[in-house]
file target02.txt (compact mmCIF, C-alpha atoms)
# COMPACT_ATOMS: atom_id res chain seq x y z
CA MET A 554 45.53 193.41 134.00
CA SER A 555 48.44 194.23 136.32
CA PRO A 556 52.04 193.41 135.26
CA PHE A 557 52.27 190.88 138.10
CA SER A 558 49.05 189.11 137.04
CA LYS A 559 50.22 189.00 133.43
CA SER A 560 53.58 187.57 134.47
CA LEU A 561 51.93 185.04 136.80
CA ARG A 562 49.67 183.75 134.05
CA LEU A 563 52.64 183.39 131.72
CA SER A 564 54.58 181.46 134.36
CA GLN A 565 51.65 179.15 134.97
CA ARG A 566 51.54 178.35 131.26
CA VAL A 567 55.27 177.63 131.27
CA VAL A 568 54.96 175.33 134.30
CA ALA A 569 51.99 173.52 132.79
CA ALA A 570 53.86 173.01 129.52
CA CYS A 571 56.95 171.73 131.33
CA VAL A 572 55.02 169.16 133.33
CA ARG A 573 52.24 168.20 130.90
CA GLN A 574 53.58 164.66 131.00
CA HIS A 575 53.07 164.74 134.80
CA SER A 576 49.56 166.25 134.99
CA SER A 577 49.14 165.43 138.70
CA LEU A 578 52.14 167.64 139.45
CA THR A 579 50.92 170.74 137.61
CA ASN A 580 48.73 172.13 140.38
CA ASP A 581 51.36 171.36 143.02
CA LEU A 582 54.04 173.20 141.07
CA ILE A 583 51.86 176.24 140.46
CA ASN A 584 50.89 176.58 144.12
CA ASN A 585 53.71 175.00 146.12
CA MET A 586 56.99 175.71 144.36
CA ASP A 587 58.43 176.92 147.67
CA LYS A 588 58.18 173.42 149.15
CA LYS A 589 61.05 170.90 149.19
CA ALA A 590 58.60 168.00 148.87
CA THR A 591 57.23 169.40 145.60
CA TRP A 592 60.65 169.42 143.96
CA ASP A 593 61.67 166.05 145.40
CA ARG A 594 58.55 164.60 143.80
CA PHE A 595 59.14 166.44 140.52
CA TYR A 596 62.73 165.25 140.08
CA THR A 597 61.90 161.72 141.22
CA GLU A 598 59.06 161.39 138.72
CA ASN A 599 61.01 163.14 135.96
CA SER A 600 63.99 160.81 136.30
CA SER A 601 61.85 157.67 136.57
CA LYS A 602 60.34 158.23 133.11
CA THR A 603 63.58 157.66 131.24
CA THR A 604 66.89 155.87 131.53
CA THR A 605 68.68 158.77 129.80
CA PHE A 606 69.42 161.86 131.88
CA LYS A 607 68.16 165.16 130.50
CA ASN A 608 68.74 168.58 132.02
CA PHE A 609 65.59 170.44 132.99
CA GLU A 610 65.88 174.14 132.13
CA TRP A 611 63.58 176.71 133.68
CA PHE A 612 62.97 179.52 131.13
CA PHE A 613 66.05 178.85 128.93
CA GLY A 614 69.55 177.40 128.91
CA PHE A 615 73.04 178.82 129.33
CA ASP A 616 73.46 179.96 125.72
CA ALA A 617 70.65 182.51 126.11
CA ILE A 618 72.45 184.31 128.96
CA ARG A 619 76.14 183.51 128.53
CA ASP A 620 76.77 187.09 127.39
CA PHE A 621 75.35 188.37 130.67
CA ILE A 622 77.53 186.09 132.79
CA LEU A 623 80.94 185.53 131.19
CA PRO A 624 81.84 189.21 130.57
CA LEU A 625 80.83 189.98 134.17
CA LEU A 626 83.24 187.32 135.42
CA GLN A 627 86.03 188.94 133.44
CA THR A 628 85.49 192.23 135.29
CA LYS A 629 85.68 190.50 138.68
CA SER A 630 88.64 188.21 137.99
CA ASN A 631 91.57 188.02 140.39
CA PRO A 632 94.60 186.02 139.27
CA ASP A 633 95.35 184.92 142.83
CA THR A 634 91.96 183.48 143.80
CA LEU A 635 89.03 181.53 142.40
CA LEU A 636 85.88 183.56 141.82
CA GLN A 637 83.10 182.16 143.99
CA ILE A 638 79.98 181.55 141.90
CA LEU A 639 76.64 180.30 143.21
CA ASP A 640 73.95 178.81 140.97
CA MET A 641 71.09 179.21 143.41
CA GLY A 642 68.23 176.73 143.09
CA CYS A 643 70.10 174.84 140.38
CA GLY A 644 67.76 171.87 140.04
CA THR A 645 69.03 169.74 137.17
CA SER A 646 69.94 172.71 134.97
CA ALA A 647 73.18 172.70 132.98
CA LEU A 648 73.77 176.37 133.89
CA GLY A 649 76.36 175.84 136.64
CA PRO A 650 78.35 173.18 134.76
CA CYS A 651 78.32 175.43 131.66
CA ILE A 652 79.79 178.35 133.62
CA TYR A 653 82.46 175.97 134.91
CA LYS A 654 83.06 174.64 131.39
CA HIS A 655 83.20 177.98 129.56
CA SER A 656 84.63 180.52 132.03
CA PRO A 657 88.12 181.60 130.92
CA VAL A 658 88.85 182.91 134.44
CA PRO A 659 89.25 180.46 137.34
CA VAL A 660 85.98 179.90 139.20
CA ARG A 661 84.58 177.74 141.94
CA VAL A 662 80.98 177.05 140.93
CA THR A 663 78.64 175.87 143.67
CA CYS A 664 75.34 174.50 142.38
CA ALA A 665 72.90 174.49 145.29
CA ASP A 666 69.37 173.14 145.54
CA ILE A 667 66.92 172.31 148.30
CA SER A 668 66.19 168.93 146.71
CA PRO A 669 68.73 166.18 147.45
CA ILE A 670 67.23 164.27 144.51
CA ALA A 671 68.27 167.02 142.07
CA VAL A 672 71.72 167.25 143.67
CA ARG A 673 72.30 163.50 143.38
CA LEU A 674 71.14 163.41 139.76
CA MET A 675 73.52 166.21 138.82
CA GLN A 676 76.45 164.67 140.69
CA GLU A 677 75.91 161.38 138.86
CA HIS A 678 75.48 163.09 135.51
CA VAL A 679 78.64 165.20 135.80
CA ARG A 680 80.67 162.16 136.88
CA SER A 681 79.43 160.18 133.89
CA LYS A 682 80.03 163.02 131.41
CA ALA A 683 83.41 164.10 132.83
CA VAL A 684 82.84 167.82 132.20
CA GLU A 685 86.18 169.57 131.65
CA PRO A 686 86.72 173.24 132.62
CA HIS A 687 88.02 175.93 130.28
CA ASN A 688 90.38 177.01 133.05
CA LEU A 689 92.11 174.04 134.66
CA SER A 690 92.05 175.71 138.08
CA SER A 691 88.23 175.90 138.11
CA GLN A 692 86.16 173.75 140.49
CA LEU A 693 82.56 172.50 140.49
CA GLU A 694 80.42 171.18 143.33
CA PHE A 695 76.78 170.32 144.01
CA ILE A 696 75.27 170.75 147.46
CA GLU A 697 71.90 170.48 149.17
CA LEU A 698 71.09 173.92 150.58
CA ASP A 699 68.00 175.95 151.43
CA CYS A 700 68.52 179.31 149.73
CA THR A 701 66.88 181.09 152.68
CA GLN A 702 69.89 179.92 154.72
CA LEU A 703 72.87 180.72 152.52
CA HIS A 704 74.86 181.86 155.56
CA LYS A 705 75.04 178.23 156.74
CA HIS A 706 77.40 177.40 153.88
CA PHE A 707 78.91 180.71 152.79
CA GLY A 708 80.74 183.24 154.92
CA ARG A 709 79.75 186.88 154.95
CA SER A 710 81.06 188.77 151.90
CA SER A 711 82.54 185.63 150.32
CA VAL A 712 80.66 185.22 147.01
CA ASP A 713 81.39 187.07 143.78
CA LEU A 714 78.34 186.16 141.71
CA ILE A 715 74.95 184.60 142.43
CA VAL A 716 72.85 183.44 139.49
CA ASP A 717 69.12 183.03 140.12
CA LYS A 718 67.31 181.60 137.08
CA GLY A 719 63.69 181.28 138.17
CA THR A 720 64.24 180.50 141.86
CA THR A 721 62.87 183.79 143.16
CA ASP A 722 60.03 183.54 140.63
CA ALA A 723 59.11 180.12 141.99
CA LEU A 724 58.93 181.53 145.53
CA LEU A 725 57.00 184.67 144.60
CA ARG A 726 54.37 182.66 142.74
CA SER A 727 53.76 180.20 145.56
CA LYS A 728 50.98 180.71 148.09
CA GLU A 729 53.38 180.89 151.03
CA GLY A 730 56.57 181.88 149.24
CA LYS A 731 56.66 185.69 149.11
CA GLY A 732 58.23 186.06 152.56
CA LYS A 733 60.83 183.45 151.65
CA ALA A 734 61.66 185.34 148.44
CA GLY A 735 62.42 188.48 150.43
CA LEU A 736 64.57 186.50 152.83
CA VAL A 737 66.53 185.00 149.92
CA VAL A 738 67.43 188.46 148.61
CA LYS A 739 68.64 189.49 152.07
CA GLU A 740 70.70 186.29 152.39
CA CYS A 741 72.27 186.95 148.98
CA LEU A 742 73.34 190.43 150.06
CA LYS A 743 74.88 189.01 153.24
CA VAL A 744 77.13 186.57 151.41
CA LEU A 745 77.98 188.74 148.38
CA ARG A 746 81.24 190.67 148.35
CA SER A 747 80.93 194.44 148.07
CA SER A 748 82.01 194.03 144.44
CA GLY A 749 79.63 191.11 143.86
CA SER A 750 76.38 190.82 141.95
CA LEU A 751 73.12 188.92 142.09
CA LEU A 752 71.65 188.23 138.65
CA GLN A 753 67.94 187.39 138.68
CA PHE A 754 66.64 186.04 135.37
CA SER A 755 62.87 186.36 135.27
CA ASP A 756 59.79 186.80 133.12
CA GLU A 757 58.28 189.17 135.65
CA ASP A 758 57.51 192.63 134.31
CA PRO A 759 59.87 195.38 135.55
CA ASP A 760 56.86 197.37 136.81
CA ALA A 761 56.37 194.60 139.38
CA ARG A 762 59.88 193.30 140.04
CA LEU A 763 61.81 196.58 140.34
CA PRO A 764 59.66 198.09 143.14
CA TRP A 765 59.74 194.77 145.00
CA LEU A 766 63.52 194.51 144.77
CA GLU A 767 64.01 198.12 145.79
CA THR A 768 61.84 197.47 148.86
CA GLU A 769 63.47 194.18 149.86
CA ALA A 770 67.10 195.00 149.06
CA ALA A 771 69.29 197.80 150.38
CA ALA A 772 71.13 197.63 147.07
CA ASP A 773 71.36 199.08 143.60
CA VAL A 774 69.17 197.41 140.98
CA GLY A 775 69.81 197.44 137.22
CA LEU A 776 67.73 196.03 134.39
CA GLN A 777 68.46 194.53 130.99
CA GLU A 778 66.14 192.73 128.60
CA VAL A 779 67.27 189.19 127.76
CA GLY A 780 64.87 188.76 124.85
CA GLU A 781 61.68 187.00 123.83
CA LEU A 782 61.18 183.24 123.81
CA ARG A 783 57.94 181.51 122.88
CA GLY A 784 56.07 184.80 123.21
CA VAL A 785 57.42 185.61 126.69
CA VAL A 786 59.85 188.49 127.36
CA TYR A 787 62.63 187.76 129.87
CA TYR A 788 64.70 190.19 131.92
CA CYS A 789 67.94 190.25 133.86
CA TYR A 790 67.76 192.14 137.16
CA GLN A 791 71.25 192.89 138.49
CA VAL A 792 71.41 193.56 142.22
CA THR A 793 74.66 194.97 143.63
CA PRO A 794 75.40 195.83 147.27
CA ARG A 795 75.63 199.53 148.06
CA PRO A 796 79.00 200.69 149.39
CA VAL A 797 79.10 201.05 153.16
CA VAL A 798 79.60 204.68 154.04
CA LYS A 799 81.97 205.04 156.98
CA GLN A 800 81.05 207.74 159.44
call {"tool": "encode", "arguments": {"input": "target02.txt", "output": "structure tokens"}}
result
Amino acid sequence: MSPFSKSLRLSQRVVAACVRQHSSLTNDLINNMDKKATWDRFYTENSSKTTTFKNFEWFFGFDAIRDFILPLLQTKSNPDTLLQILDMGCGTSALGPCIYKHSPVPVRVTCADISPIAVRLMQEHVRSKAVEPHNLSSQLEFIELDCTQLHKHFGRSSVDLIVDKGTTDALLRSKEGKGKAGLVVKECLKVLRSSGSLLQFSDEDPDARLPWLETEAAADVGLQEVGELRGVVYYCYQVTPRPVVKQ
């Protein structure tokens, strides 16, 4: 079995487990995770089942990867400006709000998702919970945005860190999503500063993900193992723009 096939089967099991209470959605999520309508339906049905909001975490929550994110922010900090952080494909995850809450350096965290349903749910939740930042200068926002069109919201070379927890995986494992996944990587590199980083958190085996990233991205790619959860090994792929060599 190839690394990609192994990883795909694992992801299908995770999706099926996450949506077992919505069995009619399982097939749609496995095959059409690149579609806005799929996620609108998912978040609508998810929120209609309960009166109490609950974050939906793909793979794992903030605590599992805080040591990958917070030390990196320290290395990029500038006392005169807010670090620009993008939680790409945020859904209703607590990841973005947790970065805002725990970062000791001042940050502007933008949580972006293609689903306006997810964005509205998170806006309402954060207002009701009154999340307070560690650094009083920090800012938090939620926006509807297609991650294949990051340039429509962010200027070129304006973002310090992009966190991708499962978004690229969702695209790669959709029938029509592989081209979109490559476009997302290229968009990330457009909006990242030369000192910036894209962190992809994934369960895809390095034998599959590293060659794909090296093909799609004119960038340097690093790898760290996050750990094992419920029998699945997760990785952090760090993509950093290559310095422009002046002739």
call {"tool": "residues_around", "arguments": {"input": "target02.txt", "residues": "Arg661 (chain A)", "least_positions_apart": "6", "cutoff": "10 Å", "atoms": "all atoms listed in the file", "output": "short mmCIF file (atom, residue, chain, number, x, y, z; two decimals) with C-alpha atoms, in the frame of the given file"}}
result
data_model
loop_
_atom_site.label_atom_id
_atom_site.label_comp_id
_atom_site.auth_asym_id
_atom_site.auth_seq_id
_atom_site.Cartn_x
_atom_site.Cartn_y
_atom_site.Cartn_z
CA THR A 634 91.96 183.48 143.80
CA LEU A 635 89.03 181.53 142.40
CA LEU A 636 85.88 183.56 141.82
CA GLN A 637 83.10 182.16 143.99
CA ILE A 638 79.98 181.55 141.90
CA LEU A 639 76.64 180.30 143.21
CA GLY A 649 76.36 175.84 136.64
CA ILE A 652 79.79 178.35 133.62
CA TYR A 653 82.46 175.97 134.91
CA SER A 690 92.05 175.71 138.08
CA SER A 691 88.23 175.90 138.11
CA GLN A 692 86.16 173.75 140.49
CA LEU A 693 82.56 172.50 140.49
CA GLU A 694 80.42 171.18 143.33
CA VAL A 712 80.66 185.22 147.01
#
call {"tool": "closest_residue", "arguments": {"input": "target02.txt", "among": "A:Thr591, A:Asn584, A:Ser748, A:Thr793", "to": "Ala770 (chain A)", "atoms": "all atoms listed in the file"}}
result
A:Thr793
call {"tool": "closest_atom_pairs", "arguments": {"input": "target02.txt", "of": "region 738-779 of chain A", "to": "region 602-617 of chain A", "cutoff": "9 Å", "atoms": "only C-alpha atoms", "output": "CSV"}}
result
residue,atom,partner,partner_atom,distance
A:Phe754,CA,A:Phe612,CA,8.6
A:Ser755,CA,A:Phe612,CA,8.0
A:Asp756,CA,A:Phe612,CA,8.2
A:Val779,CA,A:Ala617,CA,7.7
call {"tool": "residues_around", "arguments": {"input": "target02.txt", "residues": "Asn688 (chain A)", "least_positions_apart": "6", "cutoff": "10 Å", "atoms": "only C-alpha atoms", "output": "ChimeraX atom specification"}}
result
/A:653-660
call {"tool": "write_last_selection", "arguments": {"input": "target02.txt", "atoms": "C-alpha atoms", "output": "CSV table (one decimal), keeping the file's coordinate frame"}}
result
chain,number,residue,atom,x,y,z
A,653,TYR,CA,82.5,176.0,134.9
A,654,LYS,CA,83.1,174.6,131.4
A,655,HIS,CA,83.2,178.0,129.6
A,656,SER,CA,84.6,180.5,132.0
A,657,PRO,CA,88.1,181.6,130.9
A,658,VAL,CA,88.8,182.9,134.4
A,659,PRO,CA,89.2,180.5,137.3
A,660,VAL,CA,86.0,179.9,139.2
call {"tool": "closest_residue", "arguments": {"input": "target02.txt", "among": "A:Asp620, A:Asp640, A:Asp593, A:Asp760", "to": "Asp713 (chain A)", "atoms": "all atoms listed in the file"}}
result
A:Asp640
call {"tool": "closest_residue", "arguments": {"input": "target02.txt", "among": "A:Lys588, A:Arg746, A:Arg795, A:Arg762", "to": "Leu714 (chain A)", "atoms": "all atoms listed in the file"}}
result
A:Arg746
call {"tool": "residues_around", "arguments": {"input": "target02.txt", "residues": "Leu745 (chain A)", "least_positions_apart": "3", "cutoff": "7 Å", "atoms": "all atoms listed in the file", "output": "VMD selection string"}}
result
chain A and resid 710 to 713 741 to 742 749 to 750
